[in-house]
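With TSV, C-alpha atoms inside, this is data-v3.tsv:
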```tsv
chain	number	residue	atom	x	y	z
A	1219	MET	CA	0.00	0.00	0.00
A	1220	CYS	CA	1.08	3.61	-0.52
A	1221	GLN	CA	2.49	5.57	2.41
A	1222	LEU	CA	1.02	8.80	3.79
A	1223	LEU	CA	2.69	11.42	5.99
A	1224	GLY	CA	1.12	14.58	7.35
A	1225	MET	CA	2.06	17.28	9.83
A	1226	ASN	CA	-0.06	19.94	11.53
A	1227	CYS	CA	1.36	22.32	14.13
A	1228	ASN	CA	0.68	25.48	16.10
A	1229	THR	CA	3.91	27.17	14.99
A	1230	PRO	CA	5.84	26.71	11.72
A	1231	THR	CA	7.99	23.60	12.04
A	1232	ASP	CA	10.26	21.60	9.73
A	1233	ILE	CA	9.56	17.95	8.96
A	1234	CYS	CA	13.15	16.88	8.26
A	1235	PHE	CA	13.30	14.24	11.02
A	1236	SER	CA	10.03	12.52	10.10
A	1237	PHE	CA	10.79	12.78	6.40
A	1238	ALA	CA	14.13	11.00	6.87
A	1239	GLY	CA	12.29	7.89	8.06
A	1240	PHE	CA	9.47	8.31	5.57
A	1241	GLN	CA	11.87	8.66	2.63
A	1242	ALA	CA	13.43	5.27	3.38
A	1243	ARG	CA	10.07	3.56	2.84
A	1244	GLY	CA	10.21	4.44	-0.85
A	1245	GLY	CA	12.50	1.67	-2.06
A	1246	LEU	CA	14.81	1.03	0.93
A	1247	THR	CA	12.83	-0.37	3.88
A	1248	ASP	CA	9.70	-0.98	1.80
A	1249	VAL	CA	8.78	-1.66	-1.83
A	1250	HIS	CA	7.04	1.58	-2.75
A	1251	GLY	CA	9.10	2.77	-5.71
A	1252	ASP	CA	6.58	4.43	-8.02
A	1253	GLY	CA	7.19	8.06	-7.10
A	1254	TRP	CA	6.77	10.41	-4.19
A	1255	GLY	CA	5.77	13.97	-3.40
A	1256	ILE	CA	5.48	16.49	-0.60
A	1257	ALA	CA	3.63	19.80	-0.19
A	1258	PHE	CA	4.43	22.54	2.33
A	1259	PHE	CA	1.92	25.29	3.03
A	1260	GLU	CA	3.55	28.69	3.50
A	1261	GLY	CA	0.96	31.36	4.22
A	1262	ARG	CA	-1.54	31.13	1.36
A	1263	GLY	CA	1.04	29.56	-0.93
A	1264	VAL	CA	2.15	25.95	-1.36
A	1265	ARG	CA	5.61	24.67	-2.15
A	1266	VAL	CA	5.28	21.27	-3.90
A	1267	PHE	CA	8.04	18.77	-4.76
A	1268	LEU	CA	7.16	15.76	-6.97
A	1269	ASP	CA	9.32	13.01	-8.44
A	1270	PRO	CA	8.22	9.80	-10.20
A	1271	LYS	CA	11.45	8.16	-8.98
A	1272	ALA	CA	11.63	6.13	-5.77
A	1273	SER	CA	12.10	8.47	-2.80
A	1274	ALA	CA	15.01	6.45	-1.36
A	1275	HIS	CA	17.01	7.18	-4.53
A	1276	SER	CA	15.65	10.61	-5.46
A	1277	PRO	CA	17.98	13.64	-5.47
A	1278	VAL	CA	14.87	15.80	-4.96
A	1279	ALA	CA	14.06	13.83	-1.79
A	1280	GLU	CA	17.60	14.42	-0.53
A	1281	LEU	CA	17.11	18.15	-1.08
A	1282	VAL	CA	13.86	18.10	0.93
A	1283	ARG	CA	15.42	16.01	3.69
A	1284	ASN	CA	18.21	18.54	4.17
A	1285	TYR	CA	16.17	21.69	3.55
A	1286	PRO	CA	14.39	22.78	6.78
A	1287	ILE	CA	11.25	24.33	5.31
A	1288	HIS	CA	9.02	25.54	8.15
A	1289	SER	CA	5.30	25.02	7.69
A	1290	LEU	CA	2.07	24.71	9.68
A	1291	ASN	CA	0.70	21.95	7.43
A	1292	VAL	CA	2.56	19.36	5.35
A	1293	ILE	CA	1.32	16.41	3.26
A	1294	ALA	CA	3.63	13.77	1.76
A	1295	HIS	CA	3.02	10.57	-0.18
A	1296	ILE	CA	5.03	7.59	-1.41
A	1297	ARG	CA	3.33	5.79	-4.28
A	1298	LYS	CA	2.80	2.13	-5.06
A	1299	ALA	CA	0.89	2.34	-8.33
A	1300	THR	CA	-2.47	0.57	-8.64
A	1301	GLN	CA	-4.12	2.73	-11.30
A	1302	GLY	CA	-2.37	4.98	-13.82
A	1303	PHE	CA	1.15	5.02	-15.22
A	1304	VAL	CA	4.25	5.75	-13.16
A	1305	SER	CA	4.57	9.38	-14.27
A	1306	LEU	CA	4.74	12.91	-12.93
A	1307	GLU	CA	1.05	13.66	-13.55
A	1308	ASN	CA	0.06	10.64	-11.44
A	1309	THR	CA	2.35	11.52	-8.53
A	1310	HIS	CA	0.70	12.64	-5.27
A	1311	PRO	CA	-0.04	14.99	-3.62
A	1312	PHE	CA	-2.46	16.73	-5.96
A	1313	GLN	CA	-3.31	20.43	-5.75
A	1314	ARG	CA	-6.39	22.48	-6.66
A	1315	GLU	CA	-7.79	25.93	-5.80
A	1316	LEU	CA	-11.15	26.37	-4.06
A	1317	TRP	CA	-12.60	29.47	-2.36
A	1318	GLY	CA	-9.37	31.38	-2.91
A	1319	ARG	CA	-7.20	28.77	-1.18
A	1320	TYR	CA	-5.01	25.96	-2.40
A	1321	TRP	CA	-6.09	22.47	-1.34
A	1322	VAL	CA	-3.69	19.52	-1.28
A	1323	PHE	CA	-4.71	15.85	-1.27
A	1324	ALA	CA	-2.96	12.46	-1.09
A	1325	HIS	CA	-4.62	9.04	-1.12
A	1326	ASN	CA	-3.65	5.54	-0.08
A	1327	GLY	CA	-5.79	2.69	-1.37
A	1328	ASN	CA	-7.59	1.48	-4.46
A	1329	LEU	CA	-11.10	2.48	-5.59
A	1330	GLN	CA	-13.04	0.09	-7.82
A	1331	ASP	CA	-15.79	1.10	-10.26
A	1332	PHE	CA	-15.42	4.73	-9.24
A	1333	ALA	CA	-16.35	6.95	-12.18
A	1334	PRO	CA	-18.21	10.03	-10.91
A	1335	THR	CA	-19.62	12.49	-13.40
A	1336	LEU	CA	-17.55	15.67	-13.23
A	1337	ARG	CA	-19.11	18.83	-14.61
A	1338	GLY	CA	-15.81	20.47	-15.51
A	1339	ASP	CA	-14.82	22.74	-12.60
A	1340	PHE	CA	-12.22	20.19	-11.50
A	1341	GLN	CA	-10.78	17.66	-13.94
A	1342	PRO	CA	-8.11	15.00	-13.49
A	1343	VAL	CA	-4.86	15.47	-15.40
A	1344	GLY	CA	-3.64	11.90	-14.88
A	1345	GLN	CA	-5.31	8.50	-14.82
A	1346	THR	CA	-5.50	7.67	-11.10
A	1347	ASP	CA	-8.55	6.91	-9.02
A	1348	SER	CA	-6.97	9.18	-6.40
A	1349	GLU	CA	-7.01	12.34	-8.50
A	1350	ARG	CA	-10.54	11.50	-9.68
A	1351	ALA	CA	-11.67	11.22	-6.06
A	1352	PHE	CA	-10.02	14.55	-5.21
A	1353	CYS	CA	-11.71	16.31	-8.13
A	1354	HIS	CA	-15.06	14.82	-7.11
A	1355	LEU	CA	-14.52	15.94	-3.51
A	1356	MET	CA	-13.63	19.49	-4.57
A	1357	GLU	CA	-16.52	19.70	-7.02
A	1358	THR	CA	-18.99	18.48	-4.40
A	1359	LEU	CA	-17.80	21.03	-1.85
A	1360	ASN	CA	-17.98	23.81	-4.43
A	1361	ARG	CA	-21.52	22.79	-5.39
A	1362	ASP	CA	-22.73	22.40	-1.79
A	1363	PHE	CA	-21.33	25.75	-0.62
A	1364	PRO	CA	-21.72	28.18	-3.55
A	1365	GLY	CA	-21.45	31.16	-1.22
A	1366	GLY	CA	-17.90	30.36	-0.20
A	1367	GLU	CA	-16.07	28.46	2.49
A	1368	PRO	CA	-18.40	27.30	5.31
A	1369	SER	CA	-17.63	27.05	9.00
A	1370	ARG	CA	-15.15	24.40	10.04
A	1371	VAL	CA	-17.94	22.30	11.60
A	1372	GLU	CA	-19.97	22.39	8.37
A	1373	LEU	CA	-16.88	21.67	6.29
A	1374	PHE	CA	-15.94	18.68	8.43
A	1375	ALA	CA	-19.45	17.25	8.18
A	1376	ALA	CA	-19.44	17.64	4.39
A	1377	ILE	CA	-16.03	16.00	3.93
A	1378	ARG	CA	-17.12	13.19	6.26
A	1379	ARG	CA	-20.19	12.55	4.10
A	1380	ILE	CA	-18.19	12.61	0.86
A	1381	ALA	CA	-15.53	10.30	2.32
A	1382	THR	CA	-18.24	7.84	3.33
A	1383	ASP	CA	-19.70	7.80	-0.19
A	1384	ILE	CA	-16.34	7.37	-1.91
A	1385	GLY	CA	-15.22	4.80	0.67
A	1386	ARG	CA	-17.91	2.39	-0.52
A	1387	HIS	CA	-15.78	1.87	-3.64
A	1388	GLY	CA	-12.72	0.58	-1.80
A	1389	GLU	CA	-9.82	1.59	0.42
A	1390	PHE	CA	-9.85	5.36	0.92
A	1391	ASN	CA	-7.20	6.55	3.36
A	1392	PHE	CA	-6.36	10.18	2.64
A	1393	LEU	CA	-4.84	13.41	3.90
A	1394	LEU	CA	-6.34	16.77	2.90
A	1395	SER	CA	-5.44	20.33	3.82
A	1396	ASN	CA	-6.18	23.92	2.80
A	1397	GLY	CA	-3.31	25.30	4.86
A	1398	THR	CA	-5.39	26.10	7.96
A	1399	CYS	CA	-5.93	22.54	9.24
A	1400	LEU	CA	-5.39	18.89	8.31
A	1401	PHE	CA	-8.08	16.29	7.58
A	1402	ALA	CA	-7.03	12.64	8.02
A	1403	HIS	CA	-9.35	9.88	6.88
A	1404	CYS	CA	-8.61	6.36	8.10
A	1405	ALA	CA	-10.32	3.64	6.09
A	1406	SER	CA	-7.95	0.87	7.15
A	1407	ARG	CA	-4.66	2.07	8.61
A	1408	LEU	CA	-3.43	5.43	9.94
A	1409	ALA	CA	-1.72	6.53	13.15
A	1410	TYR	CA	-0.69	9.80	14.76
A	1411	ILE	CA	1.33	11.28	17.58
A	1412	VAL	CA	1.14	14.70	19.22
A	1413	ARG	CA	4.49	15.99	20.40
A	1414	LYS	CA	4.27	18.66	23.09
A	1415	ALA	CA	5.95	19.62	26.35
A	1416	PRO	CA	7.60	17.86	28.07
A	1417	PHE	CA	9.50	16.86	24.94
A	1418	ASP	CA	11.87	13.89	24.77
A	1419	GLU	CA	14.06	11.93	22.37
A	1420	ALA	CA	12.61	10.11	19.37
A	1421	HIS	CA	14.21	7.31	17.32
A	1422	LEU	CA	13.21	6.42	13.77
A	1423	LYS	CA	12.17	2.89	12.82
A	1424	ASP	CA	13.43	3.09	9.24
A	1425	GLN	CA	16.73	4.89	9.86
A	1426	ASP	CA	19.10	4.79	12.83
A	1427	ILE	CA	18.49	8.45	13.65
A	1428	THR	CA	17.63	9.93	17.05
A	1429	VAL	CA	16.64	13.51	17.75
A	1430	ASP	CA	16.24	15.24	21.11
A	1431	PHE	CA	13.25	17.54	20.73
A	1432	ARG	CA	14.11	19.20	24.05
A	1433	GLN	CA	16.95	20.93	22.21
A	1434	LEU	CA	14.79	22.05	19.26
A	1435	THR	CA	11.49	23.22	20.73
A	1436	SER	CA	9.92	25.72	23.07
A	1437	PRO	CA	7.43	24.75	25.82
A	1438	ALA	CA	4.51	26.18	23.81
A	1439	ASP	CA	5.19	24.12	20.65
A	1440	ARG	CA	2.75	21.41	19.63
A	1441	VAL	CA	3.12	19.18	16.57
A	1442	ALA	CA	0.84	16.41	15.29
A	1443	VAL	CA	2.39	13.89	12.88
A	1444	VAL	CA	0.17	11.46	10.97
A	1445	ALA	CA	1.50	8.42	9.09
A	1446	THR	CA	0.31	5.18	7.58
A	1447	THR	CA	2.31	3.35	10.24
A	1448	PRO	CA	4.35	4.83	13.14
A	1449	LEU	CA	7.67	6.35	12.15
A	1450	THR	CA	9.39	5.95	15.54
A	1451	ASP	CA	9.86	2.97	17.85
A	1452	ASN	CA	10.13	4.68	21.23
A	1453	GLU	CA	7.00	6.86	21.25
A	1454	ASN	CA	3.33	6.11	21.90
A	1455	TRP	CA	1.47	6.51	18.61
A	1456	VAL	CA	-2.32	6.51	18.53
A	1457	THR	CA	-3.94	4.16	16.01
A	1458	LEU	CA	-6.93	5.79	14.35
A	1459	PRO	CA	-10.03	3.58	14.18
A	1460	PRO	CA	-10.86	2.40	10.63
A	1461	GLY	CA	-13.83	4.30	9.27
A	1462	THR	CA	-13.15	7.66	10.93
A	1463	LEU	CA	-12.31	11.21	9.86
A	1464	THR	CA	-10.09	13.28	12.16
A	1465	LEU	CA	-9.41	17.02	12.00
A	1466	PHE	CA	-6.12	18.37	13.29
A	1467	VAL	CA	-5.92	22.05	14.26
A	1468	ASP	CA	-2.94	23.78	15.90
A	1469	GLY	CA	-1.14	20.49	16.44
A	1470	GLU	CA	-3.86	18.34	17.98
A	1471	PRO	CA	-7.17	16.63	17.14
A	1472	ALA	CA	-10.21	18.93	17.25
A	1473	ASP	CA	-13.72	17.94	18.30
A	1474	VAL	CA	-15.98	19.11	15.47
A	1475	GLY	CA	-18.71	16.49	15.51
A	1476	PRO	CA	-19.31	12.83	14.63
A	1477	ARG	CA	-16.34	11.12	12.97
A	1478	ASP	CA	-17.69	7.81	11.65
A	1479	THR	CA	-17.37	7.13	7.91
A	1480	CYS	CA	-16.85	3.89	5.98
A	1481	ALA	CA	-14.23	1.36	7.11
A	1482	PHE	CA	-12.45	-0.79	4.54
A	1483	VAL	CA	-12.42	-4.54	5.19
A	1484	ARG	CA	-9.79	-6.40	3.20
A	1485	ALA	CA	-10.99	-9.65	1.64
A	1486	PRO	CA	-9.18	-12.80	2.85
A	1487	ALA	CA	-6.27	-13.80	0.63
```

What do you get writing this file as structure tokens?
Amino acid sequence: MCQLLGMNCNTPTDICFSFAGFQARGGLTDVHGDGWGIAFFEGRGVRVFLDPKASAHSPVAELVRNYPIHSLNVIAHIRKATQGFVSLENTHPFQRELWGRYWVFAHNGNLQDFAPTLRGDFQPVGQTDSERAFCHLMETLNRDFPGGEPSRVELFAAIRRIATDIGRHGEFNFLLSNGTCLFAHCASRLAYIVRKAPFDEAHLKDQDITVDFRQLTSPADRVAVVATTPLTDNENWVTLPPGTLTLFVDGEPADVGPRDTCAFVRAPA
């Protein structure tokens, strides 16, 4: 399965440590070699890096790993292709504009018989089910709220409903952000950790790297990291229940209403 990585914080933070472990999963510690990408929100802008090469062997990934870009919201993806060619246009995360903001989306899973009618406001460039789902999500939000961006509670409820509908077609784990918050949908597998005071050391699973966050943070800092599977082996990650949507704001989960969606149950081999 593809690998997802997201970060949401209350003060701009770099993701270099987490990305070092995540990068290794693209062809070094795992078999996902069909491209990778990462998006950093900076104010109302987005800095996006995409490469159809395996992240473990990508010079672009090395640049990102050693370039401490500070951001409030980050979404990254390592691809294992199920639909669409291995190419730049099929590399996640995908980006669209809605209500005067950029939205970024990355998906893990495989949707079967998913061919929604799109009226033209948002069209896929590539051939993936993922980009099709993103365009459908954006088009539905645009249609349901023609007056502009709704309240966060209304937005969460709408995305929850859309995720439930799409999730009936297969595995639909995704990360979505407009730069102000981070939506994380767990259909089958997703975990998160909130790092806050008192900070401690963390050690990566996929690389022999340890960082002491006590030396890099202030007492007010708070950072939520979301990943397909935990990135460290000495911290207590929270496993999200399959069939739930979670909203992260200012580095922690926010209570904005019911979370249940559509869980994915894998058929026995």

Checklist entry - At what distance in Å, to one decimal, does CA of Cys1353 (chain A) lie from CA of Gln1330 (chain A)? => result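 These atoms are spaced 16.3 Å apart.
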
Checklist entry - Counting only C-alpha atoms, what is within 12 Å of Asn1328 (chain A), bar same-chain residues fewer than 6 positions away, as a count of residues only? => result 27

Checklist entry - What does the distance from CA of Leu1463 (chain A) to CA of Ile1287 (chain A) come to in Å, to one decimal? => result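 Atom-to-atom, CA of Leu1463 (chain A) and CA of Ile1287 (chain A) are spaced 27.3 Å apart.
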
Next on the checklist: Report, in Å to a single decimal, how far apart CA of Asp1424 (chain A) and CA of Ala1238 (chain A) are.
Outcome noted: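 Result for CA of Ala1238 (chain A) versus CA of Asp1424 (chain A): 8.3 Å, one decimal.
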
Next on the checklist: Could you check the closest approach to Thr1435 (chain A) for each of A:Thr1231, A:Asn1360, A:Pro1476, A:Leu1465 and tell me which residue wins, using all atoms listed in the file?
Outcome noted: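 Closest residue, counting all atoms listed in the file: A:Thr1231.
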
Next on the checklist: My list of candidates is A:Phe1312, A:Phe1237, A:Tyr1285, A:Phe1363. Which is closest to Leu1268 (chain A) when distances are computed with only C-alpha atoms?
Outcome noted: A:Phe1312

Counting all atoms listed in the file, what are the residues of region 1232-1302 of chain A within 9 Å of region 1315-1322 of chain A, and for each of them which pair of atoms is the nearest and at what distance in Å, to one decimal? Sort the table by chain and rising number, as CSV.
```
residue,atom,partner,partner_atom,distance
A:Ala1257,CA,A:Val1322,CA,7.4
A:Phe1259,CA,A:Tyr1320,CA,8.8
A:Arg1262,CA,A:Arg1319,CA,6.6
A:Gly1263,CA,A:Tyr1320,CA,7.2
A:Val1264,CA,A:Tyr1320,CA,7.2
A:Ile1293,CA,A:Val1322,CA,7.4
```

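Minimum atom-to-atom distances from A:Asp1468, A:Asp1383, A:Asp1473, A:Asp1426 to Val1441 (chain A) were compared using all atoms listed in the file, and the lowest value belongs to A:Asp1468.
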
Checklist entry - Quick one: of A:Pro1459, A:Gly1239, A:Gly1344, A:Gly1475, who's nearest to Ile1377 (chain A), counting only C-alpha atoms? => result A:Gly1475

Checklist entry - Taking into account all atoms listed in the file, which residue in the set A:Ala1472, A:Ala1333, A:Gly1397, A:Glu1307 is nearest to Arg1265 (chain A)? => result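 Answer, going by the shortest atom-to-atom distance: A:Gly1397.
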
Next on the checklist: Which residue is closest to Phe1258 (chain A)? Choose from A:His1275, A:Arg1283, A:His1288, A:His1310 and count all atoms listed in the file.
Outcome noted: A:His1288
